[in-house]
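Each remark here refers to the structure printed beneath this line.
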Amino acid sequence: MPDDQGPNMEVRAFIAVVLSLGVMVGYQYFFASAPPDLGLETVIEVPRPQAGELAEIEVTEQEPAEDAVPSAADPEGPAIVTGDGPEQVTLETMRYRMVLDNRGGLITSLELLGFDADFGGPLELVVQAPDQDPGGLLSLATPERPEVAAAANQALYRLTIDGFPARSTVRAERPVVIRWQWVDGNGWSVDKELTVHPNGYLSDLRISVESPVDTPMFLTLGPGLEMGADTSRAGIYLMAGAVLFNGAALEHFADEDLEALPLHNPTGEAQIRFDNVAWGGIQSDYFAALFVPEAPMSVYVSAVPAPELTEEAAAEETSPNGNPGTRAVFGVELRSGVPVEIPLYIGPKDYALLAAEGHELERVVDYGMFKMLARPVAVTLETLYEFTGNYGLAIILATFGVRLIFFPLSHSSMKSMRKMQKLQPQMNAIRAKYKGTKDTDKRQEMNAEVMQLYKDNGVSPLGGCLPMLLQMPVLFGFYAAISVSIVSRHAPFGLWIQDLSKMDPYYVLPLMMGAAMYGQQRMSPGTGDPMQQRIFRLMPIMFTFFFLTFPSGLVIYWLVNTGLGIGQQAFVNHQLGAADAIATPGPKGNKKKGRKGGAAKRKKRGKK
């Protein structure tokens, strides 16, 4: 049963809109991760080879390396496998330029080709820090006894490529098998085999470890991902840290989440363990390194404290904020002496590309609760981008499409508001008749008269705000799609807008949007309800404040949407204004005749 406020039902609806925006922005400001400011230092300098300098593997010129070499000191003792000395190999595929190090059997550098870093230069995904030696992907960890894994992580492995002694640079034009082997003769045996495909991001990883100490051991990714990541890009849909999928739900762990965990290992690092994990790893806003085991496995996630910058590192930092990235570490548990196959994905968080790999990897592109709207929006924007070559133009064209879909509803709403404006005197008269009454029956009778007035004139009390309410989920869908889509990263629009995934640095677009909303409000007919009018006056200010830090691509969407709304409102005002002039009776039959008679009288007076 409606209450005695009539159009105030619209007030509640608008309050719901404002509260929903407040919750979204409040979450972003108070709960979104903000990694601390730290410095950069690249531990390993890798010369950038020219295309002509890269050598293909020539298997006919070399002899395969033996799997094991007997110890010279004890010919009848355990077989010993080790490297002759420190060695690094640069391997280049169509997707990567990676540095393979035989110390620790690690990937110590991985540049993702086709993408630039946030602050210029190649995109380096392996995070290095001054106090981490060695640092890289695929290191071993023994959280309960950290000193145990130190021997395996410091040892010199025998490094071979396709079974042959490695060269300094290799171009992979076919699948390449990289193998690190180390046996110390005292119970340690580590065999890592990574098959890298030339045109893909998913590699085949096989590992077998035997340890002389009975303690849980893990193969790890991290700490962190993406050297020199821009931490000023923030939002509720941007996720950095650790991520895991248990086959049903996705879990994100930002650094702050991990540091707050109650469990700690002997070194003081916070950690937590999970069983039956389908896949997981580490991520930055737009890239991920994921273990994808063939069967559910046990994993652990930890947060390594970020080191203090040395003076040398501070002097050499390339990032304006000096932040080397996240500090999350993700490890997959290994069983001593049992070979394990763990495919490894390292690449962009591209929904279509990840979906093609299977295992529901596309879930790492997390659109949140508005996925049902955000995914179609993302597909539409990416399709339009292929035709326009400009992501900003794609957003504008998509906005026209959304406005076209909502056009009938918006048109009906604008007409309804004009009718409600005309009904204000009658509504005020009904309320005045029952003013001061506290009798429930009388108040219900008043409500019935108001609703009958609406019905007789074909007006819906929610008609004015219904289009706005329905467009809120679409707005959030655009927010998620633009924030998360890898296509929006570093996508320029023009002039000062050079990255549509980031806020407008000069606040020009949000201010233009706020002015446009104010102009549309001034054009819209008022309902006479003071509370509703106050909310209408506040909305441009609130939206401008909210949108100041939103991605500029999202601001373009709402600015264009508002501009189209102004055009539609002008059309409705013109259309209904003309209709009113014909339909409203004048002194001598209608307004048109009345205006003509008045003009004739004025002309006659002028002659006198």
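Residue numbers start at 1 in each chain; chains themselves are named A, B, ... in the order of the structure tokens; ligands are numbered from 1 in the order shown.
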Backbone-only DSSP, strand (DSSP E) members of region 324-551 of chain A, as a ChimeraX atom specification = /A:328-334,340-341,344-348
For the residues in the current selection, export N, CA and C atoms as an mmCIF file, in the first residue's frame.
```
data_model
loop_
_atom_site.group_PDB
_atom_site.id
_atom_site.type_symbol
_atom_site.label_atom_id
_atom_site.label_comp_id
_atom_site.auth_asym_id
_atom_site.auth_seq_id
_atom_site.Cartn_x
_atom_site.Cartn_y
_atom_site.Cartn_z
ATOM 1 N N ALA A 328 53.735 -10.898 -2.883
ATOM 2 C CA ALA A 328 53.117 -12.199 -2.643
ATOM 3 C C ALA A 328 53.948 -13.323 -3.244
ATOM 4 N N VAL A 329 53.973 -14.484 -2.550
ATOM 5 C CA VAL A 329 54.635 -15.697 -3.024
ATOM 6 C C VAL A 329 53.607 -16.812 -3.038
ATOM 7 N N PHE A 330 53.621 -17.603 -4.121
ATOM 8 C CA PHE A 330 52.689 -18.711 -4.258
ATOM 9 C C PHE A 330 53.488 -19.978 -4.506
ATOM 10 N N GLY A 331 53.211 -21.034 -3.738
ATOM 11 C CA GLY A 331 53.955 -22.273 -3.885
ATOM 12 C C GLY A 331 53.063 -23.487 -4.016
ATOM 13 N N VAL A 332 53.493 -24.438 -4.857
ATOM 14 C CA VAL A 332 52.805 -25.719 -5.028
ATOM 15 C C VAL A 332 53.612 -26.793 -4.315
ATOM 16 N N GLU A 333 52.946 -27.610 -3.493
ATOM 17 C CA GLU A 333 53.654 -28.620 -2.700
ATOM 18 C C GLU A 333 54.157 -29.765 -3.583
ATOM 19 N N LEU A 334 55.394 -30.215 -3.304
ATOM 20 C CA LEU A 334 56.013 -31.331 -4.012
ATOM 21 C C LEU A 334 56.166 -32.513 -3.064
ATOM 22 N N VAL A 340 56.259 -34.516 -10.857
ATOM 23 C CA VAL A 340 54.981 -33.811 -10.942
ATOM 24 C C VAL A 340 54.970 -32.973 -12.215
ATOM 25 N N GLU A 341 53.852 -33.015 -12.932
ATOM 26 C CA GLU A 341 53.674 -32.184 -14.111
ATOM 27 C C GLU A 341 52.752 -31.023 -13.768
ATOM 28 N N LEU A 344 52.498 -24.224 -16.727
ATOM 29 C CA LEU A 344 52.756 -22.886 -16.187
ATOM 30 C C LEU A 344 52.302 -21.836 -17.193
ATOM 31 N N TYR A 345 51.377 -20.982 -16.761
ATOM 32 C CA TYR A 345 50.929 -19.863 -17.608
ATOM 33 C C TYR A 345 51.585 -18.582 -17.111
ATOM 34 N N ILE A 346 52.241 -17.872 -18.008
ATOM 35 C CA ILE A 346 52.792 -16.555 -17.692
ATOM 36 C C ILE A 346 52.414 -15.638 -18.844
ATOM 37 N N GLY A 347 51.548 -14.666 -18.580
ATOM 38 C CA GLY A 347 51.137 -13.782 -19.663
ATOM 39 C C GLY A 347 50.054 -12.820 -19.244
ATOM 40 N N PRO A 348 49.410 -12.188 -20.220
ATOM 41 C CA PRO A 348 48.378 -11.191 -19.924
ATOM 42 C C PRO A 348 47.095 -11.827 -19.421
#
```
Alpha helix (DSSP H) residues, from DSSP on the backbone, in region 427-547 of chain A, as JSON, numbers by chain = {"A": [427, 428, 429, 430, 431, 432, 433, 440, 441, 442, 443, 444, 445, 446, 447, 448, 449, 450, 451, 452, 453, 454, 455, 456, 466, 467, 468, 469, 470, 471, 472, 473, 474, 475, 476, 477, 478, 479, 480, 481, 482, 483, 484, 508, 509, 510, 511, 512, 513, 514, 515, 516, 517, 518, 519, 520, 521, 522, 523, 530, 531, 532, 533, 534, 535, 536, 537, 538, 539, 540, 541, 542, 543, 544, 545, 546, 547]}
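Considering the residues A:Arg206, A:His252, A:Arg179, A:Arg431 and counting only C-alpha atoms, Ala166 (chain A) has its shortest atom-to-atom contact with A:Arg179.
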query = Residues at most 9 Å from Arg174 (chain A), counting only C-alpha atoms, excluding those fewer than 6 positions away in the same chain, as a PyMOL selection string?
reply = chain A and resi 93+196-199
I need the chosen residues saved as a PDB file, in the first residue's frame, with N, CA and C atoms.
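The resulting file, again27.pdb, is shown below:
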```
ATOM      1  N   THR A  93      61.210 -16.168 -27.587  1.00  0.00           N
ATOM      2  CA  THR A  93      60.128 -16.744 -28.381  1.00  0.00           C
ATOM      3  C   THR A  93      59.318 -15.584 -28.962  1.00  0.00           C
ATOM      4  N   VAL A 196      58.959 -24.823 -23.459  1.00  0.00           N
ATOM      5  CA  VAL A 196      58.417 -23.518 -23.844  1.00  0.00           C
ATOM      6  C   VAL A 196      57.976 -23.588 -25.300  1.00  0.00           C
ATOM      7  N   HIS A 197      56.737 -23.184 -25.539  1.00  0.00           N
ATOM      8  CA  HIS A 197      56.193 -23.190 -26.894  1.00  0.00           C
ATOM      9  C   HIS A 197      56.412 -21.815 -27.529  1.00  0.00           C
ATOM     10  N   PRO A 198      56.772 -21.771 -28.804  1.00  0.00           N
ATOM     11  CA  PRO A 198      57.203 -20.504 -29.406  1.00  0.00           C
ATOM     12  C   PRO A 198      56.122 -19.446 -29.515  1.00  0.00           C
ATOM     13  N   ASN A 199      54.864 -19.839 -29.658  1.00  0.00           N
ATOM     14  CA  ASN A 199      53.807 -18.846 -29.881  1.00  0.00           C
ATOM     15  C   ASN A 199      52.718 -18.878 -28.815  1.00  0.00           C
TER      16      ASN A 199
END
```
query = If you measure from CA of Pro343 (chain A) to CA of Leu205 (chain A), what distance in Å do you get, rounded to one decimal?
reply = 5.1 Å
message = If we count only C-alpha atoms and set the cut-off at 7 Å, which residues sit around region 213-228 of chain A, ignoring sequence neighbours fewer than 5 positions away in its own chain? Please answer as a PyMOL selection string.
response = chain A and resi 124-127+136-142+241+281-284+304+319+323-334
Mind checking which residues fall within 10 Å of Ile178 (chain A), counting only C-alpha atoms, ignoring those fewer than 3 positions away in the same chain, and posting them as a short mmCIF file (atom, residue, chain, number, x, y, z; two decimals) with N, CA and C atoms, in the first residue's frame?
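As written to disk, around-v6.cif reads:
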```
data_model
loop_
_atom_site.label_atom_id
_atom_site.label_comp_id
_atom_site.auth_asym_id
_atom_site.auth_seq_id
_atom_site.Cartn_x
_atom_site.Cartn_y
_atom_site.Cartn_z
N LEU A 91 66.66 -16.78 -23.80
CA LEU A 91 65.78 -17.51 -24.70
C LEU A 91 64.69 -16.58 -25.18
N LEU A 100 67.50 -17.57 -18.38
CA LEU A 100 67.56 -18.82 -17.64
C LEU A 100 68.89 -18.87 -16.92
N LEU A 159 72.61 -26.92 -16.94
CA LEU A 159 71.55 -26.34 -17.77
C LEU A 159 71.73 -26.82 -19.21
N THR A 160 70.68 -27.47 -19.73
CA THR A 160 70.71 -27.93 -21.12
C THR A 160 69.43 -27.48 -21.82
N ILE A 161 69.53 -27.37 -23.14
CA ILE A 161 68.37 -27.02 -23.95
C ILE A 161 68.23 -28.07 -25.04
N ASP A 162 67.10 -28.74 -25.02
CA ASP A 162 66.86 -29.88 -25.92
C ASP A 162 67.93 -30.96 -25.76
N GLY A 163 68.46 -31.10 -24.57
CA GLY A 163 69.44 -32.15 -24.29
C GLY A 163 70.86 -31.79 -24.65
N PHE A 164 71.11 -30.56 -25.08
CA PHE A 164 72.44 -30.16 -25.50
C PHE A 164 72.94 -29.02 -24.61
N ALA A 166 73.88 -25.59 -23.27
CA ALA A 166 73.19 -24.35 -23.62
C ALA A 166 74.14 -23.34 -24.25
N PRO A 175 58.96 -25.85 -30.22
CA PRO A 175 59.00 -26.11 -28.77
C PRO A 175 60.42 -26.44 -28.30
N LYS A 192 64.36 -30.10 -13.00
CA LYS A 192 63.29 -29.24 -13.51
C LYS A 192 63.35 -29.26 -15.04
N GLU A 193 62.22 -29.51 -15.65
CA GLU A 193 62.14 -29.55 -17.11
C GLU A 193 60.99 -28.68 -17.59
N LEU A 194 61.31 -27.65 -18.36
CA LEU A 194 60.32 -26.68 -18.82
C LEU A 194 60.30 -26.69 -20.35
N THR A 195 59.16 -27.01 -20.92
CA THR A 195 58.98 -26.98 -22.37
C THR A 195 58.25 -25.70 -22.74
N VAL A 196 58.96 -24.82 -23.46
CA VAL A 196 58.42 -23.52 -23.84
C VAL A 196 57.98 -23.59 -25.30
N LEU A 205 55.64 -27.82 -17.53
CA LEU A 205 56.65 -27.91 -16.49
C LEU A 205 56.58 -29.28 -15.82
#
```
message = I'd like the neighbourhood of region 563-578 of chain A as a list in words, where a residue qualifies if any of its atoms comes within 8 Å (using only C-alpha atoms), though same-chain residues fewer than 2 positions away should be ignored.
response = Phe400, Arg403, His411, Met414, Lys415, Ala516, Gly519, Gln520, Met523, Ser524, Leu559, Val560, Asn561, Asp580, Ala581 and Ile582 of chain A
message = Could you list, as a PyMOL selection string, every residue within 6 Å of region 499-508 of chain A, counting only C-alpha atoms and ignoring same-chain residues fewer than 5 positions away?
response = chain A and resi 483+488-492+549-553
note = Restricting to only C-alpha atoms, whichever of A:Ile396, A:Leu258, A:Ala152, A:Leu470 is closest to Thr380 (chain A) is A:Ile396
task = Go through A:Val379, A:Leu156, A:Ala242, A:Val292 and flag the residue nearest Gln181 (chain A), using only C-alpha atoms for the distances.
result =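 Of the candidates, the smallest distance to Gln181 (chain A) is held by A:Leu156.
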